[in-house]
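This is query37.cif (mmCIF, C-alpha atoms).
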data_my_file
loop_
_atom_site.label_atom_id
_atom_site.label_comp_id
_atom_site.auth_asym_id
_atom_site.auth_seq_id
_atom_site.Cartn_x
_atom_site.Cartn_y
_atom_site.Cartn_z
CA MET A 923 0.00 0.00 0.00
CA LEU A 924 1.38 3.40 -1.01
CA SER A 925 1.60 6.32 1.40
CA VAL A 926 2.45 9.96 0.79
CA GLU A 927 4.16 12.07 3.43
CA THR A 928 4.67 15.81 3.01
CA PHE A 929 7.16 17.71 5.16
CA GLU A 930 7.56 21.44 5.70
CA THR A 931 11.33 21.53 5.15
CA ILE A 932 13.77 19.78 2.86
CA GLU A 933 15.81 18.81 5.92
CA GLU A 934 12.84 16.99 7.44
CA ALA A 935 12.09 15.31 4.14
CA ALA A 936 15.70 14.22 3.78
CA GLY A 937 15.51 12.62 7.20
CA ALA A 938 12.35 10.78 6.23
CA VAL A 939 13.69 9.21 3.05
CA GLY A 940 14.78 5.66 3.68
CA GLU A 941 14.14 2.08 2.69
CA ARG A 942 11.34 1.57 0.19
CA SER A 943 10.74 5.30 -0.15
CA ARG A 944 11.23 7.77 -2.97
CA PHE A 945 11.41 11.54 -2.87
CA MET A 946 9.02 13.28 -5.24
CA ALA A 947 10.10 16.54 -6.83
CA GLY A 948 8.03 17.40 -9.91
CA GLY A 949 6.81 13.84 -10.30
CA THR A 950 7.41 13.49 -14.04
CA LEU A 951 9.42 10.33 -13.42
CA LEU A 952 8.06 9.11 -10.10
CA MET A 953 4.38 9.33 -11.08
CA VAL A 954 5.14 7.14 -14.09
CA ALA A 955 6.49 4.53 -11.67
CA VAL A 956 3.34 4.89 -9.56
CA ASN A 957 1.04 4.68 -12.58
CA TYR A 958 2.77 1.56 -13.85
CA GLY A 959 2.60 -0.18 -10.48
CA ASN A 960 6.30 -0.12 -9.57
CA GLN A 961 6.57 -2.27 -6.45
CA GLY A 962 10.03 -1.01 -5.51
CA PHE A 963 8.74 1.55 -3.04
CA ASP A 964 5.69 2.13 -0.90
CA ARG A 965 6.35 5.60 0.54
CA ILE A 966 6.46 8.87 -1.35
CA VAL A 967 8.19 11.69 0.52
CA ARG A 968 7.54 15.29 -0.47
CA THR A 969 8.24 18.75 0.88
CA SER A 970 6.42 22.04 0.59
CA ASP A 971 9.65 23.95 1.34
CA ARG A 972 9.47 27.18 -0.67
CA ARG A 973 13.26 27.54 -0.68
CA LEU A 974 13.39 24.82 -3.31
CA GLY A 975 11.60 27.07 -5.77
CA GLU A 976 13.92 30.06 -5.44
CA ILE A 977 16.45 31.48 -7.89
CA SER A 978 18.96 33.92 -6.42
CA ASN A 979 22.22 35.58 -7.29
CA ALA A 980 25.14 34.86 -5.00
CA GLY A 981 28.25 36.77 -6.09
CA ASP A 982 29.31 35.56 -9.50
CA ARG A 983 27.08 32.49 -9.28
CA VAL A 984 23.38 31.83 -9.63
CA HIS A 985 21.74 29.64 -7.01
CA ILE A 986 18.87 27.51 -8.34
CA GLY A 987 16.58 25.64 -5.95
CA ALA A 988 16.20 21.98 -6.79
CA GLY A 989 12.45 22.44 -7.11
CA VAL A 990 12.70 25.18 -9.74
CA THR A 991 10.87 24.04 -12.83
CA MET A 992 12.15 24.09 -16.38
CA ALA A 993 9.46 26.66 -17.19
CA LYS A 994 10.75 28.93 -14.44
CA VAL A 995 14.34 28.55 -15.64
CA ALA A 996 13.26 29.38 -19.19
CA ALA A 997 11.49 32.52 -17.96
CA SER A 998 14.24 33.74 -15.64
CA ARG A 999 16.31 36.72 -16.76
CA ASP A 1000 19.10 35.60 -14.45
CA LEU A 1001 19.23 32.24 -16.19
CA ALA A 1002 18.91 33.32 -19.81
CA PHE A 1003 22.02 31.31 -20.67
CA LEU A 1004 20.24 28.14 -19.50
CA ALA A 1005 16.93 28.89 -21.21
CA PRO A 1006 17.71 26.85 -24.38
CA ALA A 1007 18.50 23.81 -22.25
CA ALA A 1008 15.36 24.26 -20.16
CA ARG A 1009 13.18 24.71 -23.24
CA SER A 1010 14.55 21.49 -24.71
CA VAL A 1011 12.98 19.45 -21.93
CA GLY A 1012 9.60 17.97 -22.89
CA GLY A 1013 6.60 20.00 -23.93
CA PRO A 1014 5.10 22.96 -22.03
CA ALA A 1015 3.21 20.79 -19.54
CA ILE A 1016 6.29 18.76 -18.67
CA ARG A 1017 8.32 21.95 -18.27
CA ASN A 1018 5.74 23.27 -15.81
CA ARG A 1019 6.47 20.28 -13.58
CA ALA A 1020 9.95 18.93 -14.31
CA THR A 1021 12.52 20.26 -11.85
CA VAL A 1022 16.20 21.04 -11.86
CA GLY A 1023 16.80 18.56 -9.05
CA GLY A 1024 14.83 15.82 -10.75
CA ASN A 1025 16.77 16.23 -13.97
CA LEU A 1026 19.98 15.29 -12.14
CA PHE A 1027 18.50 11.85 -11.61
CA ALA A 1028 16.65 11.39 -14.90
CA PRO A 1029 17.66 8.14 -16.59
CA HIS A 1030 18.93 7.84 -20.17
CA PRO A 1031 17.92 9.33 -22.60
CA TYR A 1032 16.60 12.11 -20.36
CA GLY A 1033 18.67 14.56 -18.33
CA ASP A 1034 19.41 17.16 -21.01
CA PHE A 1035 19.40 19.96 -18.46
CA ALA A 1036 21.94 18.11 -16.33
CA THR A 1037 24.19 18.06 -19.40
CA ALA A 1038 24.11 21.86 -19.45
CA LEU A 1039 24.79 22.03 -15.71
CA LEU A 1040 27.73 19.66 -16.11
CA ALA A 1041 29.33 21.84 -18.77
CA LEU A 1042 28.98 24.78 -16.40
CA ASP A 1043 30.76 22.94 -13.57
CA ALA A 1044 27.67 23.27 -11.37
CA THR A 1045 27.84 22.55 -7.68
CA VAL A 1046 25.13 20.45 -6.07
CA HIS A 1047 24.06 21.61 -2.62
CA TRP A 1048 22.68 18.71 -0.61
CA ALA A 1049 20.00 19.15 2.04
CA ASP A 1050 22.46 18.21 4.79
CA GLY A 1051 24.74 21.11 3.85
CA ARG A 1052 27.29 19.17 1.81
CA GLU A 1053 28.43 20.60 -1.51
CA GLU A 1054 29.59 18.36 -4.33
CA PRO A 1055 30.65 18.95 -7.94
CA ILE A 1056 27.93 17.80 -10.31
CA GLU A 1057 30.44 15.60 -12.11
CA THR A 1058 30.86 13.28 -9.13
CA VAL A 1059 27.14 13.45 -8.34
CA LEU A 1060 26.41 12.11 -11.81
CA GLN A 1061 29.23 9.56 -11.73
CA ASN A 1062 28.02 8.17 -8.38
CA ARG A 1063 24.34 8.65 -9.05
CA GLY A 1064 23.31 5.13 -8.19
CA GLN A 1065 24.92 5.40 -4.77
CA SER A 1066 23.94 8.99 -3.94
CA ILE A 1067 22.48 9.33 -0.49
CA GLY A 1068 20.60 12.48 0.35
CA LEU A 1069 18.38 15.06 -1.27
CA ALA A 1070 19.62 17.76 -3.59
CA ALA A 1071 18.41 21.12 -2.25
CA ALA A 1072 19.90 23.33 -4.95
CA VAL A 1073 22.52 23.71 -7.62
CA SER A 1074 24.68 26.74 -8.23
CA VAL A 1075 26.31 27.70 -11.49
CA PRO A 1076 28.73 30.41 -12.57
CA ARG A 1077 27.32 33.05 -14.86
CA PRO A 1078 29.08 32.70 -18.23
CA GLN A 1079 29.85 35.67 -20.45
CA ALA A 1080 27.63 36.19 -23.49
CA ASP A 1081 28.14 33.51 -26.15
CA GLU A 1082 30.51 31.57 -23.90
CA PHE A 1083 27.89 28.93 -23.22
CA ARG A 1084 26.14 26.89 -25.88
CA PHE A 1085 23.65 24.06 -25.85
CA LEU A 1086 22.33 21.80 -28.57
CA LYS A 1087 19.83 18.98 -28.39
CA VAL A 1088 19.63 16.48 -31.22
CA ALA A 1089 16.26 14.76 -31.52
CA ARG A 1090 14.42 12.99 -34.32
CA VAL A 1091 11.10 14.66 -33.52
CA LYS A 1092 10.82 18.43 -33.48
CA PRO A 1093 10.03 20.55 -31.57
CA LYS A 1094 9.74 17.86 -28.92
CA GLY A 1095 11.56 14.57 -28.79
CA ALA A 1096 13.84 12.56 -26.55
CA SER A 1097 17.54 13.05 -27.12
CA VAL A 1098 19.64 11.24 -29.64
CA MET A 1099 22.21 13.33 -27.85
CA ALA A 1100 22.56 16.64 -26.06
CA LEU A 1101 25.69 18.76 -26.19
CA ALA A 1102 26.75 21.64 -23.99
CA ALA A 1103 29.90 23.70 -24.23
CA TRP A 1104 31.37 26.37 -21.98
CA LEU A 1105 33.96 28.23 -24.00
CA PRO A 1106 35.76 30.91 -21.98
CA LYS A 1107 38.52 32.75 -23.83
CA SER A 1108 41.71 34.46 -22.79
CA ALA A 1109 43.50 36.70 -25.30
CA GLY A 1110 41.24 35.35 -28.00
CA ARG A 1111 42.01 31.70 -27.33
CA LEU A 1112 39.94 29.09 -25.55
CA GLU A 1113 40.84 28.16 -22.00
CA ASN A 1114 39.22 26.05 -19.31
CA THR A 1115 36.84 24.66 -21.90
CA ARG A 1116 34.05 22.36 -20.81
CA ILE A 1117 32.37 19.96 -23.22
CA ALA A 1118 29.57 17.69 -22.00
CA PHE A 1119 27.43 15.16 -23.80
CA GLY A 1120 24.05 13.84 -22.70
CA ALA A 1121 22.40 10.60 -23.84
CA MET A 1122 25.84 9.29 -24.78
CA GLY A 1123 26.07 7.00 -21.77
CA ALA A 1124 24.23 6.23 -18.57
CA THR A 1125 24.58 9.84 -17.42
CA ALA A 1126 25.79 13.10 -18.89
CA ALA A 1127 29.57 13.11 -19.13
CA ARG A 1128 32.41 15.48 -19.92
CA VAL A 1129 34.88 14.63 -22.67
CA LYS A 1130 38.15 15.81 -21.20
CA ALA A 1131 40.28 14.83 -24.19
CA CYS A 1132 38.07 17.02 -26.32
CA GLU A 1133 38.33 19.88 -23.81
CA ALA A 1134 42.13 19.59 -23.74
CA ALA A 1135 42.26 19.65 -27.53
CA LEU A 1136 40.22 22.86 -27.59
CA ASN A 1137 42.20 24.74 -24.95
CA GLY A 1138 44.60 27.21 -26.50
CA THR A 1139 42.96 27.13 -29.91
CA ASN A 1140 40.77 29.47 -31.87
CA LEU A 1141 37.16 28.63 -32.60
CA ASP A 1142 37.75 27.96 -36.27
CA GLU A 1143 37.68 24.86 -38.42
CA ARG A 1144 41.40 24.15 -38.18
CA GLY A 1145 41.48 24.87 -34.47
CA ILE A 1146 38.67 22.53 -33.53
CA GLU A 1147 39.68 19.59 -35.76
CA PRO A 1148 41.67 17.73 -33.05
CA ALA A 1149 38.77 18.21 -30.64
CA LEU A 1150 36.35 16.69 -33.13
CA GLN A 1151 38.66 13.67 -33.46
CA ALA A 1152 38.40 13.25 -29.68
CA ALA A 1153 34.71 14.06 -29.45
CA THR A 1154 33.59 10.71 -28.07
CA GLU A 1155 36.72 9.61 -26.21
CA GLY A 1156 35.69 7.88 -23.03
CA LEU A 1157 31.98 7.86 -23.88
CA SER A 1158 29.97 4.64 -24.07
CA PRO A 1159 26.83 5.47 -26.03
CA GLN A 1160 24.20 2.79 -25.81
CA ASP A 1161 21.65 1.39 -28.22
CA ASP A 1162 18.04 2.37 -27.70
CA ALA A 1163 14.89 2.92 -29.74
CA LEU A 1164 16.13 6.35 -30.83
CA ALA A 1165 19.57 5.45 -32.16
CA SER A 1166 22.29 2.85 -31.91
CA GLY A 1167 25.42 3.53 -29.95
CA TRP A 1168 27.36 3.24 -33.23
CA TYR A 1169 25.21 5.95 -34.84
CA ARG A 1170 25.57 8.24 -31.85
CA ARG A 1171 29.35 7.85 -31.93
CA GLU A 1172 29.49 8.48 -35.68
CA VAL A 1173 27.43 11.67 -35.69
CA ALA A 1174 28.69 13.20 -32.43
CA PRO A 1175 31.62 15.06 -34.09
CA ILE A 1176 29.25 16.55 -36.67
CA HIS A 1177 26.93 17.92 -34.01
CA LEU A 1178 29.85 19.13 -31.92
CA LYS A 1179 31.12 21.05 -34.93
CA ARG A 1180 27.68 22.61 -35.38
CA LEU A 1181 27.71 23.64 -31.74
CA LEU A 1182 31.20 25.12 -31.85
CA ILE A 1183 30.85 26.87 -35.22
CA PRO A 1184 27.10 27.45 -35.47
CA GLU A 1185 27.25 29.72 -38.48
CA ARG A 1186 28.45 26.82 -40.63
CA ARG A 1187 25.65 24.34 -41.30
CA LEU A 1188 27.05 21.13 -42.67
CA MET B 162 -6.57 1.57 1.40
CA GLU B 163 -6.35 4.84 3.30
CA LYS B 164 -8.17 7.71 1.64
CA THR B 165 -7.57 11.43 1.94
CA ALA B 166 -10.16 14.18 1.60
CA LEU B 167 -9.32 16.47 -1.30
CA ASN B 168 -11.00 19.80 -1.96
CA PHE B 169 -10.35 21.85 -5.07
CA THR B 170 -12.17 23.97 -7.61
CA LEU B 171 -13.10 22.18 -10.82
CA ASN B 172 -14.18 24.46 -13.64
CA GLY B 173 -15.27 27.06 -11.10
CA ALA B 174 -17.23 24.68 -8.86
CA GLU B 175 -16.07 23.70 -5.38
CA THR B 176 -15.36 19.98 -5.49
CA GLY B 177 -14.63 17.48 -2.74
CA VAL B 178 -13.59 13.87 -3.17
CA PHE B 179 -11.79 11.14 -1.25
CA VAL B 180 -8.62 9.97 -2.96
CA ASP B 181 -6.27 7.03 -2.51
CA ALA B 182 -2.68 7.78 -1.51
CA GLY B 183 -0.63 8.13 -4.67
CA ALA B 184 -3.67 8.58 -6.92
CA ASN B 185 -3.07 10.72 -9.95
CA LEU B 186 -5.32 13.63 -10.80
CA LEU B 187 -6.52 12.01 -14.02
CA ASP B 188 -7.98 9.05 -12.14
CA VAL B 189 -9.60 11.36 -9.61
CA LEU B 190 -11.19 13.50 -12.31
CA ARG B 191 -12.46 10.58 -14.39
CA ARG B 192 -13.42 8.04 -11.72
CA GLY B 193 -13.82 10.15 -8.62
CA VAL B 194 -15.54 13.24 -9.98
CA GLY B 195 -16.92 11.95 -13.27
CA ASP B 196 -15.29 14.45 -15.59
CA GLN B 197 -14.45 12.24 -18.56
CA THR B 198 -12.96 14.97 -20.76
CA PRO B 199 -9.29 14.45 -19.84
CA LYS B 200 -8.24 11.21 -21.53
CA TYR B 201 -5.93 8.44 -20.45
CA GLY B 202 -3.38 7.96 -23.21
CA CYS B 203 -0.01 6.79 -21.97
CA GLY B 204 0.20 7.38 -18.21
CA GLN B 205 3.77 8.54 -18.62
CA GLY B 206 3.58 12.13 -19.80
CA SER B 207 4.24 11.44 -23.45
CA CYS B 208 0.90 12.03 -25.17
CA GLY B 209 -0.78 15.07 -23.60
CA ALA B 210 -4.28 13.59 -23.80
CA CYS B 211 -4.82 14.24 -20.09
CA SER B 212 -3.79 17.92 -20.18
CA VAL B 213 -5.58 20.22 -17.74
CA LEU B 214 -4.96 23.67 -16.34
CA ILE B 215 -3.99 23.95 -12.68
CA ASP B 216 -4.15 27.52 -11.45
CA GLY B 217 -4.05 28.54 -15.10
CA GLU B 218 -0.90 26.53 -15.90
CA LEU B 219 -0.84 23.58 -18.28
CA HIS B 220 -0.21 20.25 -16.56
CA LEU B 221 -0.51 16.57 -17.32
CA SER B 222 -3.10 15.19 -14.93
CA CYS B 223 -1.66 11.65 -15.18
CA LEU B 224 1.62 12.91 -13.71
CA THR B 225 -0.01 15.09 -11.07
CA LEU B 226 -0.28 13.65 -7.60
CA ALA B 227 -3.94 14.35 -6.87
CA GLU B 228 -3.42 15.69 -3.39
CA THR B 229 -1.17 18.45 -4.70
CA VAL B 230 -4.17 20.26 -6.19
CA ALA B 231 -5.78 20.81 -2.78
CA GLY B 232 -7.14 24.34 -2.71
CA LYS B 233 -6.23 24.95 -6.34
CA SER B 234 -8.25 25.63 -9.45
CA VAL B 235 -8.43 22.83 -12.01
CA GLU B 236 -9.86 23.46 -15.46
CA THR B 237 -10.73 20.80 -18.01
CA THR B 238 -12.33 20.83 -21.43
CA ALA B 239 -15.67 20.27 -19.72
CA GLY B 240 -15.45 23.84 -18.49
CA LEU B 241 -14.54 25.48 -21.77
CA ALA B 242 -18.02 26.06 -23.11
CA GLY B 243 -20.19 28.67 -21.43
CA GLY B 244 -23.53 26.87 -21.37
CA PRO B 245 -24.63 26.24 -24.96
CA GLU B 246 -22.04 28.66 -26.32
CA LEU B 247 -18.89 26.85 -27.34
CA HIS B 248 -15.48 28.34 -26.66
CA ALA B 249 -13.82 30.01 -29.65
CA LEU B 250 -11.26 27.21 -29.73
CA GLN B 251 -13.97 24.56 -29.84
CA LYS B 252 -15.71 26.38 -32.68
CA ALA B 253 -12.47 26.72 -34.59
CA PHE B 254 -11.69 23.02 -34.14
CA ILE B 255 -15.11 22.12 -35.54
CA ASP B 256 -14.89 24.58 -38.40
CA GLY B 257 -11.35 23.55 -39.29
CA PHE B 258 -11.92 19.77 -39.05
CA ALA B 259 -9.20 19.75 -36.43
CA ALA B 260 -10.54 16.59 -34.80
CA GLN B 261 -10.81 13.19 -36.40
CA CYS B 262 -10.95 10.40 -33.81
CA GLY B 263 -11.09 13.14 -31.17
CA TYR B 264 -9.08 11.37 -28.50
CA CYS B 265 -6.36 14.01 -28.39
CA THR B 266 -8.79 16.91 -28.75
CA PRO B 267 -9.41 17.72 -25.06
CA GLY B 268 -5.69 17.85 -24.42
CA MET B 269 -5.09 19.91 -27.53
CA LEU B 270 -7.80 22.34 -26.48
CA MET B 271 -6.31 22.82 -23.03
CA ALA B 272 -2.81 23.29 -24.42
CA ALA B 273 -4.22 25.85 -26.84
CA ARG B 274 -6.15 27.56 -24.08
CA ALA B 275 -2.97 27.85 -22.00
CA LEU B 276 -1.19 29.36 -24.98
CA LEU B 277 -3.87 31.92 -25.83
CA ASP B 278 -4.24 32.93 -22.19
CA SER B 279 -0.58 33.93 -22.11
CA ASN B 280 -0.09 34.88 -25.75
CA PRO B 281 -3.29 36.00 -27.52
CA ASN B 282 -1.48 36.58 -30.82
CA PRO B 283 0.76 33.56 -31.32
CA SER B 284 2.82 32.81 -34.39
CA ARG B 285 2.57 29.46 -36.14
CA ASP B 286 5.82 28.42 -34.41
CA ASP B 287 4.39 29.47 -31.04
CA VAL B 288 1.40 27.21 -31.65
CA ALA B 289 3.56 24.28 -32.76
CA GLU B 290 5.64 24.68 -29.62
CA ALA B 291 2.54 24.99 -27.42
CA ILE B 292 1.12 21.66 -28.62
CA SER B 293 4.49 19.93 -28.83
CA GLY B 294 3.62 17.80 -25.82
CA ASN B 295 0.37 16.60 -27.38
CA ILE B 296 0.29 13.71 -29.82
CA CYS B 297 -2.30 13.40 -32.58
CA ARG B 298 -2.18 10.32 -34.81
CA CYS B 299 -4.98 11.42 -37.17
CA THR B 300 -4.72 14.97 -38.39
CA GLY B 301 -1.06 15.54 -39.09
CA TYR B 302 -1.33 18.58 -36.79
CA GLU B 303 -1.78 21.19 -39.51
CA PRO B 304 -5.57 21.54 -39.10
CA ILE B 305 -5.08 21.83 -35.34
CA ILE B 306 -2.51 24.58 -35.72
CA ASP B 307 -4.76 26.34 -38.25
CA ALA B 308 -7.71 26.12 -35.87
CA ILE B 309 -5.77 27.57 -32.95
CA LEU B 310 -4.53 30.43 -35.12
CA ALA B 311 -8.09 31.00 -36.36
CA ALA B 312 -9.39 31.14 -32.80
CA ALA B 313 -6.61 33.55 -31.87
CA SER B 314 -7.39 35.85 -34.77
CA GLY B 315 -11.12 35.67 -34.12
CA SER B 316 -11.63 34.52 -37.69
CA GLY B 317 -13.27 31.25 -36.75
CA ARG B 318 -16.87 31.04 -38.01
CA ARG B 319 -19.45 31.44 -35.26
CA PHE B 320 -21.00 28.12 -34.39
CA GLY B 321 -24.74 27.57 -34.38
#

Now, as a test, write the supplied structure out as structure tokens.
Amino acid sequence: MLSVETFETIEEAAGAVGERSRFMAGGTLLMVAVNYGNQGFDRIVRTSDRRLGEISNAGDRVHIGAGVTMAKVAASRDLAFLAPAARSVGGPAIRNRATVGGNLFAPHPYGDFATALLALDATVHWADGREEPIETVLQNRGQSIGLAAAVSVPRPQADEFRFLKVARVKPKGASVMALAAWLPKSAGRLENTRIAFGAMGATAARVKACEAALNGTNLDERGIEPALQAATEGLSPQDDALASGWYRREVAPIHLKRLLIPERRL
Amino acid sequence: MEKTALNFTLNGAETGVFVDAGANLLDVLRRGVGDQTPKYGCGQGSCGACSVLIDGELHLSCLTLAETVAGKSVETTAGLAGGPELHALQKAFIDGFAAQCGYCTPGMLMAARALLDSNPNPSRDDVAEAISGNICRCTGYEPIIDAILAAASGSGRRFG
């Protein structure tokens, strides 16, 4: 028999999550499990904590509550750089419910927004006060214990951050892949580049060989060629109904090139 | 199974119903309240047939935990018409042959209503985006988009 418990604070809710329980954020994933009779849990834990829905500026970073919806991200002036990633998630009704925190735990091929957060080196703020880089949160996702209360991201300069979702159905469709790039420059050359792919493995992942190949180069065809060669190094794209892993690997450099040099359509 | 009392406003009318823990809003509307206009399509948020407005915002009732609408306003296609007078969107759908089997139509209408409430003069792209979460296997979407644009422009023929 299923029960639903709602707590006033995220801290109380975090303390209540345990064996055979699941935390519900927006519910776009958990309600599917409920509707399809998933027997793996019999308690749903929720919170009405308003802090989870807040977006605030903190120095050179933006703090995003884990309960902020994709629709709210897309409408936020402070998060304009993340709006394309937020708008890529589902249709309007899904975006009114899907949350930033939930997207961190969305299984393949979902989690496009987490791909964008990964490229921005986001920090995950857990309900118990711990802070953890999103990269290790995603890598250890199966073993994560605790509730994400918020994420914080640096605010990139204009045109430094780019996002691209590749889907077979437009305007809405699950990802063949998602790509996000943070491309800071120093003296006209790229430095501290971040390249992340979504739907190219169990979770979103950075391609550090690709990042290293981009650092110190110009964003032109000759400059990015080594990075394109390394586009999928370390990734393990899987087969699913949308595309084979082979196809994903083959087309990834093409889409990365479109992301890096958007004015050139291949 | 333990039941919880749930009170909300459905199409302007105060509504009370007892719901099972974990029940989704679609089940409560169809089986608990008797509003059959939101449809069960997929139960996983992919088809949009169960779309409703909650406090004016488009939501999928199959993915909405029923108890979260306590004290809120829920609107369905059943509340679109004002008595015998159909809503402009309903008229435009009829005039434009925007429904064939009709299963997606309530969801399409609510998605369109949400769009026009926030953007009374949408572009064709705006409309396509607004119904991007709603699947139609009959029409090919073009008549639906045309109907929504006709309703927005007020060019839909008056019904009746």

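Here, the PyMOL selection byres ((chain A and resi 1070) around 8) matches Ala988, Gly1023, Val1046, His1047, Trp1048, Ala1049, Gly1068, Leu1069, Ala1071, Ala1072 and Val1073 of chain A.
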
(request) Write out as a VMD selection string which residues come within 10 Å of segment 1127-1142 of chain A when counting only C-alpha atoms, dropping same-chain ones fewer than 4 positions away. (result) chain A and resid 1036 to 1037 1040 to 1041 1043 1057 1060 to 1061 1101 to 1123 1146 to 1158 1179 1182 to 1183

Can you list every residue of chain B that has an atom at most 12 Å from chain A, with its nearest atom pair and the distance in Å to one decimal, using only C-alpha atoms, ordered by chain then number, as a Markdown table?
| residue | atom | partner | partner_atom | distance |
| --- | --- | --- | --- | --- |
| B:Met162 | CA | A:Met923 | CA | 6.9 |
| B:Glu163 | CA | A:Ser925 | CA | 8.3 |
| B:Lys164 | CA | A:Ser925 | CA | 9.9 |
| B:Thr165 | CA | A:Val926 | CA | 10.2 |
| B:Val180 | CA | A:Val926 | CA | 11.7 |
| B:Asp181 | CA | A:Leu924 | CA | 8.6 |
| B:Ala182 | CA | A:Ser925 | CA | 5.4 |
| B:Gly183 | CA | A:Leu924 | CA | 6.3 |
| B:Ala184 | CA | A:Asn957 | CA | 8.3 |
| B:Asn185 | CA | A:Met953 | CA | 7.7 |
| B:Leu186 | CA | A:Met953 | CA | 10.6 |
| B:Leu187 | CA | A:Asn957 | CA | 10.6 |
| B:Asp188 | CA | A:Asn957 | CA | 10.0 |
| B:Tyr201 | CA | A:Asn957 | CA | 11.2 |
| B:Gly202 | CA | A:Asn957 | CA | 12.0 |
| B:Cys203 | CA | A:Val954 | CA | 9.4 |
| B:Gly204 | CA | A:Asn957 | CA | 6.3 |
| B:Gln205 | CA | A:Val954 | CA | 4.9 |
| B:Gly206 | CA | A:Thr950 | CA | 7.0 |
| B:Ser207 | CA | A:Gly1012 | CA | 8.5 |
| B:Cys208 | CA | A:Gly1013 | CA | 9.9 |
| B:Gly209 | CA | A:Ala1015 | CA | 8.1 |
| B:Ala210 | CA | A:Ala1015 | CA | 11.2 |
| B:Cys211 | CA | A:Ala1015 | CA | 10.4 |
| B:Ser212 | CA | A:Ala1015 | CA | 7.6 |
| B:Val213 | CA | A:Ala1015 | CA | 9.0 |
| B:Leu214 | CA | A:Ala1015 | CA | 9.2 |
| B:Ile215 | CA | A:Asn1018 | CA | 10.2 |
| B:Asp216 | CA | A:Asn1018 | CA | 11.6 |
| B:Gly217 | CA | A:Asn1018 | CA | 11.1 |
| B:Glu218 | CA | A:Asn1018 | CA | 7.4 |
| B:Leu219 | CA | A:Ala1015 | CA | 5.1 |
| B:His220 | CA | A:Ala1015 | CA | 4.6 |
| B:Leu221 | CA | A:Ala1015 | CA | 6.0 |
| B:Ser222 | CA | A:Ala1015 | CA | 9.6 |
| B:Cys223 | CA | A:Met953 | CA | 7.7 |
| B:Leu224 | CA | A:Met953 | CA | 5.2 |
| B:Thr225 | CA | A:Gly949 | CA | 7.0 |
| B:Leu226 | CA | A:Met953 | CA | 7.2 |
| B:Ala227 | CA | A:Met953 | CA | 10.6 |
| B:Glu228 | CA | A:Val926 | CA | 9.2 |
| B:Thr229 | CA | A:Ser970 | CA | 9.9 |
| B:Gly268 | CA | A:Ala1015 | CA | 10.6 |
| B:Met269 | CA | A:Ala1015 | CA | 11.6 |
| B:Met271 | CA | A:Ala1015 | CA | 10.3 |
| B:Ala272 | CA | A:Ala1015 | CA | 8.1 |
| B:Ala273 | CA | A:Pro1014 | CA | 10.9 |
| B:Ala275 | CA | A:Pro1014 | CA | 9.4 |
| B:Leu276 | CA | A:Pro1014 | CA | 9.4 |
| B:Asp286 | CA | A:Pro1093 | CA | 9.4 |
| B:Asp287 | CA | A:Pro1093 | CA | 10.6 |
| B:Val288 | CA | A:Pro1093 | CA | 10.9 |
| B:Ala289 | CA | A:Pro1093 | CA | 7.6 |
| B:Glu290 | CA | A:Pro1093 | CA | 6.3 |
| B:Ala291 | CA | A:Pro1014 | CA | 6.3 |
| B:Ile292 | CA | A:Gly1013 | CA | 7.4 |
| B:Ser293 | CA | A:Gly1013 | CA | 5.3 |
| B:Gly294 | CA | A:Gly1013 | CA | 4.2 |
| B:Asn295 | CA | A:Gly1013 | CA | 7.9 |
| B:Ile296 | CA | A:Lys1094 | CA | 10.4 |

(request) Find the spatial neighbours of Gly263 of chain B, counting all atoms listed in the file, within a cut-off of 12 Å - ignore same-chain residues fewer than 2 positions away - and output them as a list in words. (result) Thr198, Pro199, Lys200, Ala210, Gln251, Phe254, Ile255, Phe258, Ala259, Ala260, Gln261, Cys265, Thr266, Pro267, Gly268, Met269, Leu270, Ile296, Cys297, Arg298, Cys299, Thr300 and Ile305 of chain B

(request) Please evaluate the PyMOL selection byres ((chain B and resi 282) around 9) against the displayed coordinates and give the resulting residues as a list of chain:residue names. (result) B:Leu277, B:Asn280, B:Pro281, B:Pro283, B:Ser284, B:Leu310, B:Ala313, B:Ser314

(request) Using the chain letters and numbering of this document, enumerate as an MDAnalysis selection string the residues selected by the PyMOL selection byres ((chain A and resi 990-1005) around 8). (result) chainID A and resid 948 974:977 979 984 986:989 1006:1009 1011 1014 1017:1023 1038 1078 1080 1083:1084

(request) Record the distance separating atom CA of Gly1051 of chain A and atom CA of Leu1039 of chain A, expressed in Å with one decimal. (result) 19.6 Å
